[in-house]
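Novice: The following file, upload_19.tsv, comprises TSV, C-alpha atoms and all ligand atoms:
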chain	number	residue	atom	x	y	z
A	12	MET	CA	0.00	0.00	0.00
A	13	SER	CA	1.35	3.44	-0.87
A	14	LYS	CA	1.97	5.97	1.85
A	15	LYS	CA	-0.61	8.61	2.74
A	16	ILE	CA	0.51	12.13	1.96
A	17	PHE	CA	-0.03	15.08	4.29
A	18	ALA	CA	0.91	18.42	2.78
A	19	ALA	CA	0.84	21.71	4.69
A	20	ASN	CA	0.16	24.87	2.70
A	21	TRP	CA	1.06	27.79	4.95
A	22	LYS	CA	0.11	30.41	2.36
A	23	LEU	CA	1.30	33.91	3.36
A	24	ASN	CA	1.83	33.02	7.01
A	25	LYS	CA	4.77	32.49	9.38
A	26	THR	CA	8.01	34.38	9.79
A	27	PRO	CA	11.21	32.32	9.40
A	28	GLU	CA	11.36	32.10	13.19
A	29	GLU	CA	7.78	30.84	13.42
A	30	ALA	CA	8.49	28.38	10.64
A	31	ARG	CA	11.53	27.03	12.49
A	32	ASP	CA	9.53	26.80	15.69
A	33	PHE	CA	6.82	24.77	13.91
A	34	VAL	CA	9.36	22.33	12.44
A	35	ILE	CA	11.14	21.85	15.77
A	36	LYS	CA	7.83	21.06	17.49
A	37	LEU	CA	6.72	18.78	14.67
A	38	LYS	CA	9.99	16.84	14.68
A	39	ASN	CA	9.81	16.42	18.48
A	40	GLU	CA	6.32	14.94	18.22
A	41	ILE	CA	7.10	12.75	15.20
A	42	PHE	CA	10.08	11.35	17.07
A	43	LYS	CA	7.70	9.94	19.72
A	44	ILE	CA	5.63	7.98	17.16
A	45	PRO	CA	7.27	4.69	16.14
A	46	ASP	CA	7.70	4.16	12.38
A	47	PHE	CA	5.97	7.46	11.67
A	48	PHE	CA	7.29	7.73	8.12
A	49	SER	CA	6.66	4.11	7.16
A	50	GLY	CA	3.03	4.89	6.25
A	51	ARG	CA	3.21	8.62	5.60
A	52	GLU	CA	4.84	11.32	3.54
A	53	ILE	CA	4.98	14.74	5.16
A	54	MET	CA	5.29	17.86	3.02
A	55	ILE	CA	5.53	21.53	3.96
A	56	PHE	CA	4.98	24.49	1.66
A	57	PRO	CA	6.19	27.60	3.51
A	58	SER	CA	6.12	31.07	2.01
A	59	ALA	CA	9.20	31.65	-0.17
A	60	ILE	CA	10.82	33.92	2.43
A	61	SER	CA	10.68	31.15	5.04
A	62	LEU	CA	11.82	28.37	2.70
A	63	GLU	CA	15.45	28.53	3.78
A	64	ALA	CA	14.44	28.38	7.46
A	65	VAL	CA	12.42	25.22	6.81
A	66	SER	CA	15.19	23.78	4.67
A	67	SER	CA	17.78	24.31	7.40
A	68	LEU	CA	15.76	22.09	9.77
A	69	CYS	CA	14.28	19.57	7.33
A	70	ALA	CA	17.07	18.87	4.85
A	71	GLY	CA	18.33	15.35	5.49
A	72	THR	CA	15.12	14.31	7.32
A	73	ASP	CA	12.06	12.61	5.82
A	74	ILE	CA	10.10	15.88	5.89
A	75	GLN	CA	9.79	17.22	2.35
A	76	PHE	CA	9.42	20.91	1.61
A	77	GLY	CA	9.20	23.33	-1.28
A	78	PRO	CA	7.75	26.60	-2.57
A	79	GLN	CA	4.05	27.40	-3.05
A	80	ASN	CA	4.74	28.71	-6.53
A	81	ILE	CA	7.62	28.93	-8.99
A	82	TYR	CA	8.11	30.81	-12.25
A	83	SER	CA	8.25	28.98	-15.55
A	84	GLU	CA	11.82	30.19	-16.27
A	85	LYS	CA	14.78	29.19	-14.13
A	86	SER	CA	16.27	32.68	-13.87
A	87	GLY	CA	16.34	36.09	-15.54
A	88	ALA	CA	14.53	39.42	-15.46
A	89	PHE	CA	11.35	38.33	-13.66
A	90	THR	CA	11.20	40.61	-10.65
A	91	GLY	CA	9.28	39.20	-7.72
A	92	GLU	CA	9.09	35.62	-8.94
A	93	ASN	CA	10.43	32.42	-7.31
A	94	SER	CA	13.10	30.39	-9.08
A	95	ALA	CA	12.71	26.61	-9.17
A	96	GLU	CA	16.49	26.38	-9.51
A	97	VAL	CA	16.94	28.32	-6.27
A	98	ALA	CA	14.32	26.12	-4.60
A	99	LYS	CA	16.35	23.12	-5.79
A	100	ALA	CA	19.55	24.66	-4.40
A	101	LEU	CA	17.73	24.90	-1.06
A	102	LYS	CA	17.09	21.15	-1.38
A	103	SER	CA	13.35	21.43	-2.11
A	104	GLN	CA	11.93	18.13	-3.30
A	105	ILE	CA	8.41	19.42	-4.07
A	106	ALA	CA	6.57	22.50	-5.36
A	107	LEU	CA	2.95	23.56	-5.49
A	108	VAL	CA	1.57	24.59	-8.88
A	109	GLY	CA	-1.76	26.14	-9.82
A	110	HIS	CA	-3.31	26.60	-6.37
A	111	SER	CA	-6.74	28.16	-6.82
A	112	GLU	CA	-5.51	31.36	-5.16
A	113	ARG	CA	-2.82	31.60	-7.85
A	114	ARG	CA	-5.41	30.93	-10.54
A	115	GLU	CA	-7.98	33.38	-9.14
A	116	ILE	CA	-5.97	36.24	-7.67
A	117	PHE	CA	-2.92	36.11	-9.94
A	118	LYS	CA	-4.80	35.00	-13.06
A	119	GLU	CA	-2.54	32.03	-13.77
A	120	GLN	CA	-3.59	30.13	-16.86
A	121	ASP	CA	-3.29	26.44	-17.67
A	122	ASP	CA	-0.74	26.86	-20.47
A	123	HIS	CA	1.60	28.74	-18.16
A	124	LEU	CA	1.07	26.17	-15.39
A	125	ASN	CA	1.98	23.48	-17.89
A	126	LYS	CA	5.40	25.15	-18.40
A	127	LYS	CA	5.92	25.29	-14.65
A	128	VAL	CA	5.18	21.58	-14.23
A	129	ALA	CA	7.53	20.71	-17.10
A	130	LEU	CA	10.34	22.81	-15.60
A	131	LEU	CA	9.89	21.15	-12.21
A	132	GLN	CA	10.06	17.74	-13.81
A	133	ASN	CA	13.31	18.74	-15.57
A	134	LEU	CA	14.77	19.71	-12.22
A	135	GLN	CA	13.54	16.49	-10.59
A	136	ILE	CA	11.23	18.44	-8.25
A	137	LEU	CA	7.90	16.72	-7.64
A	138	PRO	CA	4.99	18.94	-8.76
A	139	VAL	CA	1.83	19.07	-6.64
A	140	PHE	CA	-0.64	20.29	-9.24
A	141	CYS	CA	-3.91	21.80	-7.94
A	142	ILE	CA	-7.26	21.67	-9.68
A	143	GLY	CA	-10.86	22.28	-8.68
A	144	GLU	CA	-14.14	23.92	-9.56
A	145	THR	CA	-15.77	27.08	-8.21
A	146	LEU	CA	-19.20	26.97	-6.59
A	147	ALA	CA	-20.84	28.39	-9.73
A	148	GLN	CA	-19.18	25.69	-11.85
A	149	ARG	CA	-20.34	22.94	-9.46
A	150	GLU	CA	-23.88	24.30	-9.44
A	151	ALA	CA	-23.84	24.35	-13.23
A	152	GLY	CA	-22.91	20.63	-13.23
A	153	LYS	CA	-19.45	21.35	-14.66
A	154	THR	CA	-17.21	19.94	-11.94
A	155	LEU	CA	-15.71	17.09	-13.95
A	156	GLU	CA	-15.51	19.09	-17.17
A	157	ILE	CA	-13.50	21.80	-15.37
A	158	CYS	CA	-11.21	19.34	-13.59
A	159	PHE	CA	-10.50	17.33	-16.76
A	160	SER	CA	-9.80	20.49	-18.73
A	161	GLN	CA	-7.40	21.76	-16.03
A	162	LEU	CA	-5.60	18.41	-16.18
A	163	GLN	CA	-5.55	18.25	-19.95
A	164	ASN	CA	-4.25	21.79	-20.47
A	165	GLY	CA	-2.10	22.13	-17.37
A	166	LEU	CA	-0.31	18.81	-17.90
A	167	LYS	CA	-0.09	18.89	-21.68
A	168	GLU	CA	3.64	18.56	-22.18
A	169	ILE	CA	4.74	16.63	-19.19
A	170	ASN	CA	6.39	13.27	-18.79
A	171	LYS	CA	3.61	10.88	-17.82
A	172	ASP	CA	6.02	8.31	-16.43
A	173	GLN	CA	7.41	10.68	-13.83
A	174	ARG	CA	5.74	10.87	-10.45
A	175	LEU	CA	3.07	13.55	-10.07
A	176	ILE	CA	0.69	14.60	-7.32
A	177	VAL	CA	-2.70	16.10	-8.19
A	178	ALA	CA	-4.60	17.93	-5.45
A	179	TYR	CA	-8.34	18.17	-5.99
A	180	GLU	CA	-9.48	21.26	-4.13
A	181	PRO	CA	-13.03	22.46	-4.73
A	182	VAL	CA	-12.58	26.24	-4.55
A	183	TRP	CA	-15.75	26.66	-2.50
A	184	ALA	CA	-14.29	24.41	0.22
A	185	ILE	CA	-10.95	26.20	0.62
A	186	GLY	CA	-10.71	28.22	3.81
A	187	THR	CA	-14.49	28.28	4.15
A	188	GLY	CA	-15.04	25.50	6.70
A	189	LYS	CA	-17.35	23.95	4.07
A	190	VAL	CA	-15.83	20.53	3.45
A	191	ALA	CA	-17.04	18.56	0.42
A	192	THR	CA	-19.25	15.62	1.36
A	193	LYS	CA	-17.86	12.10	1.29
A	194	GLU	CA	-20.01	11.38	-1.76
A	195	GLN	CA	-18.71	14.43	-3.61
A	196	VAL	CA	-15.08	13.57	-2.83
A	197	ALA	CA	-15.61	9.90	-3.70
A	198	GLU	CA	-17.21	10.71	-7.04
A	199	VAL	CA	-14.60	13.23	-8.17
A	200	HIS	CA	-11.60	11.19	-7.01
A	201	ALA	CA	-12.87	8.04	-8.72
A	202	LYS	CA	-13.40	9.92	-11.98
A	203	LEU	CA	-10.06	11.71	-11.76
A	204	SER	CA	-8.26	8.44	-11.18
A	205	GLU	CA	-10.03	6.88	-14.16
A	206	TYR	CA	-9.30	9.91	-16.34
A	207	LEU	CA	-5.61	10.09	-15.43
A	208	SER	CA	-5.02	6.43	-16.16
A	209	SER	CA	-6.95	6.69	-19.44
A	210	GLN	CA	-4.55	9.51	-20.38
A	211	GLY	CA	-1.50	7.36	-19.67
A	212	PHE	CA	-0.39	8.78	-16.33
A	213	ARG	CA	1.29	5.94	-14.52
A	214	ASN	CA	2.42	7.39	-11.23
A	215	VAL	CA	-0.08	9.86	-9.80
A	216	GLN	CA	-1.36	10.29	-6.26
A	217	LEU	CA	-4.54	12.21	-5.60
A	218	LEU	CA	-4.94	14.55	-2.64
A	219	TYR	CA	-8.11	16.17	-1.39
A	220	GLY	CA	-7.97	19.74	-0.09
A	221	GLY	CA	-10.62	22.04	1.34
A	222	SER	CA	-11.26	22.60	5.06
A	223	VAL	CA	-9.62	19.35	6.17
A	224	LYS	CA	-9.50	19.35	9.98
A	225	PRO	CA	-8.56	16.81	12.67
A	226	ASP	CA	-12.24	15.87	13.09
A	227	ASN	CA	-13.01	15.09	9.44
A	228	ALA	CA	-9.64	13.70	8.30
A	229	GLY	CA	-10.24	10.10	9.39
A	230	GLU	CA	-13.46	9.72	7.40
A	231	LEU	CA	-12.08	11.45	4.31
A	232	LEU	CA	-9.01	9.22	4.31
A	233	LYS	CA	-11.16	6.11	4.02
A	234	ILE	CA	-12.50	7.22	0.64
A	235	PRO	CA	-11.03	5.24	-2.27
A	236	HIS	CA	-8.49	7.19	-4.36
A	237	VAL	CA	-7.86	9.71	-1.57
A	238	ASP	CA	-4.10	9.36	-1.11
A	239	GLY	CA	-3.82	12.21	1.36
A	240	PHE	CA	-4.54	15.88	1.90
A	241	LEU	CA	-3.43	19.37	1.06
A	242	ILE	CA	-4.16	21.34	4.22
A	243	GLY	CA	-4.28	25.10	4.68
A	244	GLY	CA	-5.64	26.56	7.93
A	245	ALA	CA	-5.32	23.39	10.01
A	246	SER	CA	-1.66	22.99	9.04
A	247	LEU	CA	-0.57	26.18	10.74
A	248	GLN	CA	-0.32	24.65	14.21
A	249	PRO	CA	1.85	21.56	14.71
A	250	ASP	CA	-0.72	19.87	16.95
A	251	SER	CA	-3.67	20.13	14.53
A	252	PHE	CA	-1.44	19.19	11.56
A	253	LEU	CA	-0.15	16.18	13.45
A	254	LYS	CA	-3.68	15.12	14.48
A	255	ILE	CA	-4.57	15.03	10.79
A	256	CYS	CA	-1.40	13.09	9.96
A	257	THR	CA	-2.23	10.51	12.60
A	258	ALA	CA	-5.89	10.15	11.58
A	259	VAL	CA	-4.70	7.33	9.30
B	1	LIG	C1	-5.45	25.15	0.78
B	1	LIG	O1	-4.98	26.25	1.02
B	1	LIG	O2	-4.98	24.48	-0.15
B	1	LIG	C2	-6.54	24.64	1.61
B	1	LIG	C3	-7.07	23.50	1.32
B	1	LIG	O3	-6.93	25.45	2.66
B	1	LIG	P1	-7.92	25.04	3.86
B	1	LIG	O4	-7.45	23.71	4.39
B	1	LIG	O5	-7.75	26.15	4.87
B	1	LIG	O6	-9.29	24.96	3.30
For the structure just supplied, provide its representation as structure tokens.
Ligand code: PEP
Specialist:
Amino acid sequence: MSKKIFAANWKLNKTPEEARDFVIKLKNEIFKIPDFFSGREIMIFPSAISLEAVSSLCAGTDIQFGPQNIYSEKSGAFTGENSAEVAKALKSQIALVGHSERREIFKEQDDHLNKKVALLQNLQILPVFCIGETLAQREAGKTLEICFSQLQNGLKEINKDQRLIVAYEPVWAIGTGKVATKEQVAEVHAKLSEYLSSQGFRNVQLLYGGSVKPDNAGELLKIPHVDGFLIGGASLQPDSFLKICTAV
């Protein structure tokens, strides 16, 4: 059985000192749980400014980390952007791509996201590619159409043999406390899994994201094709993040 994945998206939160404090506490707690990493992968996405702080405490451990966004070029005149090459130099193993906040607020489009995923693959950084529908799209019955199109266009030119993580995050469930029902998650994850294998993807894990908390994690993890979670708000405190990680 593959490991369950627990990924913390800190968004625009935590100073480097707070980030270090979180990792120290997390490592202390993990240390008390026998074989913690044998059934789990732990991932942290700090803000870019705190990436080095997280790297300094996680590099060489089983805790993976990486940026919440990277630019599609490795370097150059792109003021304000994050370089995947720099993330790699900081020993990042993972990177988030296409979070709904990037799509909505920063108007990121699928064809650009596709370039980011391809660059990450070239650098041997594992992309965690986010997809999901808005409330209006769900109410219009377009959930699957939107998700498939985000996959098709955002993953157009990538190597399908390389490992990839897809996070299904219904936009209406992110940061709202409104978690998708078990039936909704089960339906979308089953269809996504079917779609990805029909498209030739051979090594994909599927995460659910959207108001995952310690009290709903256990039930959500039992749903077929849910390989783990992308967690925002509840990942900011080590104790709630760890409760989710141990719900398995
Ligand atoms: C997220 O930011 O990806 C997320 C799922 O946030 P939250 O858990 O707070 O809904």
Novice: Given only C-alpha atoms as the basis, pick out the residue of A:Ile242, A:Ile44, A:Leu23, A:Val177 nearest to Ile255 (chain A).
Specialist: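 Of the candidates, the smallest distance to Ile255 (chain A) is held by A:Ile242.
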Novice: Could you tell me, counting all atoms listed in the file, which protein and nucleic acid residues lie no more than 8 Å from ligand LIG 1 (chain B), written as a list in words?
Specialist: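 Listing the residues within 8 Å of ligand LIG 1 (chain B) gives Asn20, Trp21, Lys22, His110, Ser111, Glu180, Ala184, Ile185, Gly186, Thr187, Gly188, Val190, Tyr219, Gly220, Gly221, Ser222, Val223, Lys224, Leu241, Ile242, Gly243, Gly244, Ala245 and Ser246 of chain A.
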Novice: Identify, on the basis of only C-alpha atoms, every residue whose closest approach to Glu198 (chain A) does not exceed 12 Å; exclude the query and any residue fewer than 4 positions from it along the same chain; express the result as an mmCIF file with C-alpha atoms, keeping the file's coordinate frame.
Specialist:
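That gives us part35.cif:
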data_model
loop_
_atom_site.group_PDB
_atom_site.id
_atom_site.type_symbol
_atom_site.label_atom_id
_atom_site.label_comp_id
_atom_site.auth_asym_id
_atom_site.auth_seq_id
_atom_site.Cartn_x
_atom_site.Cartn_y
_atom_site.Cartn_z
ATOM 1 C CA THR A 154 -17.210 19.940 -11.940
ATOM 2 C CA LEU A 155 -15.710 17.090 -13.950
ATOM 3 C CA TYR A 179 -8.340 18.170 -5.990
ATOM 4 C CA ALA A 191 -17.040 18.560 0.420
ATOM 5 C CA THR A 192 -19.250 15.620 1.360
ATOM 6 C CA LYS A 193 -17.860 12.100 1.290
ATOM 7 C CA GLU A 194 -20.010 11.380 -1.760
ATOM 8 C CA LYS A 202 -13.400 9.920 -11.980
ATOM 9 C CA LEU A 203 -10.060 11.710 -11.760
ATOM 10 C CA SER A 204 -8.260 8.440 -11.180
ATOM 11 C CA GLU A 205 -10.030 6.880 -14.160
ATOM 12 C CA ILE A 234 -12.500 7.220 0.640
ATOM 13 C CA PRO A 235 -11.030 5.240 -2.270
ATOM 14 C CA HIS A 236 -8.490 7.190 -4.360
ATOM 15 C CA VAL A 237 -7.860 9.710 -1.570
#
Novice: Taking (4.3, 20.1, 16.1) in the coordinates of the supplied file, I want to know which residues reach to within 9 Å of it, counting all atoms listed in the file; could you give the answer as an MDAnalysis selection string?
Specialist: chainID A and resid 32:41 248:253
Novice: Can you build me a table of region 103-134 of chain A residues sitting at most 12 Å from region 59-70 of chain A, with the closest atom pair per residue and its distance in Å to one decimal, using all atoms listed in the file, sorted by chain and residue number, as a Markdown table?
Specialist:
| residue | atom | partner | partner_atom | distance |
| --- | --- | --- | --- | --- |
| A:Ser103 | CA | A:Ser66 | CA | 7.4 |
| A:Gln104 | CA | A:Ala70 | CA | 9.7 |
| A:Ile105 | CA | A:Leu62 | CA | 11.7 |
| A:Ala106 | CA | A:Ala59 | CA | 10.8 |
| A:Leu107 | CA | A:Ala59 | CA | 11.5 |
Novice: Distance cut-off 6 Å, centre (-7.9, 15.7, 12.2) in file coordinates, counting all atoms listed in the file: which residues qualify? Return them as a list in words.
Specialist: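 Using all atoms listed in the file, the matching residues come out as Lys224, Pro225, Asp226, Asn227, Ala228, Lys254, Ile255 and Ala258 of chain A.
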Novice: Please determine, counting all atoms listed in the file, which residue among A:Lys127, A:Leu175, A:Lys99, A:Val199 has the shortest atom-to-atom distance to Phe212 (chain A).
Specialist: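 The closest residue to Phe212 (chain A) is A:Leu175.
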Novice: Pick from A:Ile53, A:Ile116, A:Leu101, A:Leu124: nearest to Tyr82 (chain A), with all atoms listed in the file counted?
Specialist: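 Of A:Ile53, A:Ile116, A:Leu101, A:Leu124, the one nearest Tyr82 (chain A) is A:Leu124, counting all atoms listed in the file.
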Novice: What's the separation between CA of Arg31 (chain A) and CA of Ile55 (chain A), in Å to one decimal place?
Specialist: 11.8 Å
Novice: Could you tell me how far CA of Phe17 (chain A) lies from CA of Phe240 (chain A), in Å and to one decimal?
Specialist: 5.2 Å
Novice: Neighbours of Asp172 (chain A) within 12 Å (only C-alpha atoms; same-chain residues fewer than 5 positions away dropped), as a PyMOL selection string?
Specialist: chain A and resi 132+207-208+210-215
Novice: I need the chosen residues saved as a tab-separated table (two decimals), in the frame of the given file, with C-alpha atoms.
Specialist:
chain	number	residue	atom	x	y	z
A	132	GLN	CA	10.06	17.74	-13.81
A	207	LEU	CA	-5.61	10.09	-15.43
A	208	SER	CA	-5.02	6.43	-16.16
A	210	GLN	CA	-4.55	9.51	-20.38
A	211	GLY	CA	-1.50	7.36	-19.67
A	212	PHE	CA	-0.39	8.78	-16.33
A	213	ARG	CA	1.29	5.94	-14.52
A	214	ASN	CA	2.42	7.39	-11.23
A	215	VAL	CA	-0.08	9.86	-9.80
Novice: Rounded to one decimal place, report the CA of Cys141 (chain A)-CA of Gly109 (chain A) distance in Å.
Specialist: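 A separation of 5.2 Å between them.
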Novice: For each of A:Pro181, A:Leu232, A:Pro57, A:Gly165, take the minimum atom-to-atom distance to Asp122 (chain A), counting all atoms listed in the file, then give the residue where this is smallest.
Specialist: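 Closest to Asp122 (chain A) of all the choices is A:Gly165.
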Novice: Which residues are close to Ala129 (chain A), i.e. within 10 Å by all atoms listed in the file, leaving aside same-chain residues fewer than 4 positions away? Reply as a list in words.
Specialist: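 So, after excluding close chain neighbours, the residues are Ser83, Leu124, Asn125, Asn133, Leu134, Gln135, Ile136, Pro138, Gly165, Leu166, Lys167, Glu168, Ile169 and Asn170 of chain A.
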Novice: Reconstruct N, CA and C atoms of region 17-44 of chain A from the incomplete input and present them as a short mmCIF file (atom, residue, chain, number, x, y, z; two decimals), keeping the file's coordinate frame.
Specialist:
data_model
loop_
_atom_site.label_atom_id
_atom_site.label_comp_id
_atom_site.auth_asym_id
_atom_site.auth_seq_id
_atom_site.Cartn_x
_atom_site.Cartn_y
_atom_site.Cartn_z
N PHE A 17 0.55 13.96 3.54
CA PHE A 17 -0.03 15.08 4.29
C PHE A 17 0.80 16.32 3.97
N ALA A 18 0.18 17.25 3.26
CA ALA A 18 0.91 18.42 2.78
C ALA A 18 0.34 19.69 3.40
N ALA A 19 1.23 20.47 4.01
CA ALA A 19 0.84 21.71 4.69
C ALA A 19 1.08 22.91 3.78
N ASN A 20 0.02 23.64 3.48
CA ASN A 20 0.16 24.87 2.70
C ASN A 20 -0.01 26.06 3.65
N TRP A 21 1.10 26.70 3.96
CA TRP A 21 1.06 27.79 4.95
C TRP A 21 0.63 29.12 4.34
N LYS A 22 0.50 29.17 3.05
CA LYS A 22 0.11 30.41 2.36
C LYS A 22 1.03 31.56 2.82
N LEU A 23 0.45 32.76 3.01
CA LEU A 23 1.30 33.91 3.36
C LEU A 23 1.34 34.07 4.88
N ASN A 24 1.78 33.02 5.55
CA ASN A 24 1.83 33.02 7.01
C ASN A 24 3.20 32.53 7.47
N LYS A 25 3.58 32.93 8.64
CA LYS A 25 4.77 32.49 9.38
C LYS A 25 6.05 33.21 8.95
N THR A 26 6.66 33.83 9.96
CA THR A 26 8.01 34.38 9.79
C THR A 26 8.98 33.20 9.77
N PRO A 27 10.23 33.42 9.34
CA PRO A 27 11.21 32.32 9.40
C PRO A 27 11.31 31.74 10.81
N GLU A 28 11.26 32.60 11.81
CA GLU A 28 11.36 32.10 13.19
C GLU A 28 10.16 31.22 13.55
N GLU A 29 8.98 31.66 13.16
CA GLU A 29 7.78 30.84 13.42
C GLU A 29 7.83 29.52 12.65
N ALA A 30 8.38 29.59 11.45
CA ALA A 30 8.49 28.38 10.64
C ALA A 30 9.44 27.39 11.31
N ARG A 31 10.57 27.91 11.80
CA ARG A 31 11.53 27.03 12.49
C ARG A 31 10.91 26.43 13.74
N ASP A 32 10.17 27.26 14.47
CA ASP A 32 9.53 26.80 15.69
C ASP A 32 8.54 25.65 15.40
N PHE A 33 7.77 25.81 14.32
CA PHE A 33 6.82 24.77 13.91
C PHE A 33 7.57 23.46 13.64
N VAL A 34 8.65 23.55 12.85
CA VAL A 34 9.36 22.33 12.44
C VAL A 34 9.99 21.65 13.66
N ILE A 35 10.53 22.45 14.56
CA ILE A 35 11.14 21.85 15.77
C ILE A 35 10.07 21.09 16.55
N LYS A 36 8.91 21.73 16.74
CA LYS A 36 7.83 21.06 17.49
C LYS A 36 7.36 19.81 16.76
N LEU A 37 7.19 19.92 15.45
CA LEU A 37 6.72 18.78 14.67
C LEU A 37 7.71 17.61 14.78
N LYS A 38 8.98 17.91 14.62
CA LYS A 38 9.99 16.84 14.68
C LYS A 38 9.99 16.18 16.06
N ASN A 39 9.84 16.99 17.12
CA ASN A 39 9.81 16.42 18.48
C ASN A 39 8.65 15.45 18.63
N GLU A 40 7.50 15.81 18.09
CA GLU A 40 6.32 14.94 18.22
C GLU A 40 6.45 13.69 17.34
N ILE A 41 6.93 13.88 16.12
CA ILE A 41 7.10 12.75 15.20
C ILE A 41 8.04 11.71 15.81
N PHE A 42 9.07 12.20 16.46
CA PHE A 42 10.08 11.35 17.07
C PHE A 42 9.45 10.37 18.07
N LYS A 43 8.34 10.79 18.69
CA LYS A 43 7.70 9.94 19.72
C LYS A 43 6.83 8.85 19.10
N ILE A 44 6.55 8.95 17.79
CA ILE A 44 5.63 7.98 17.16
C ILE A 44 6.46 6.95 16.38
#
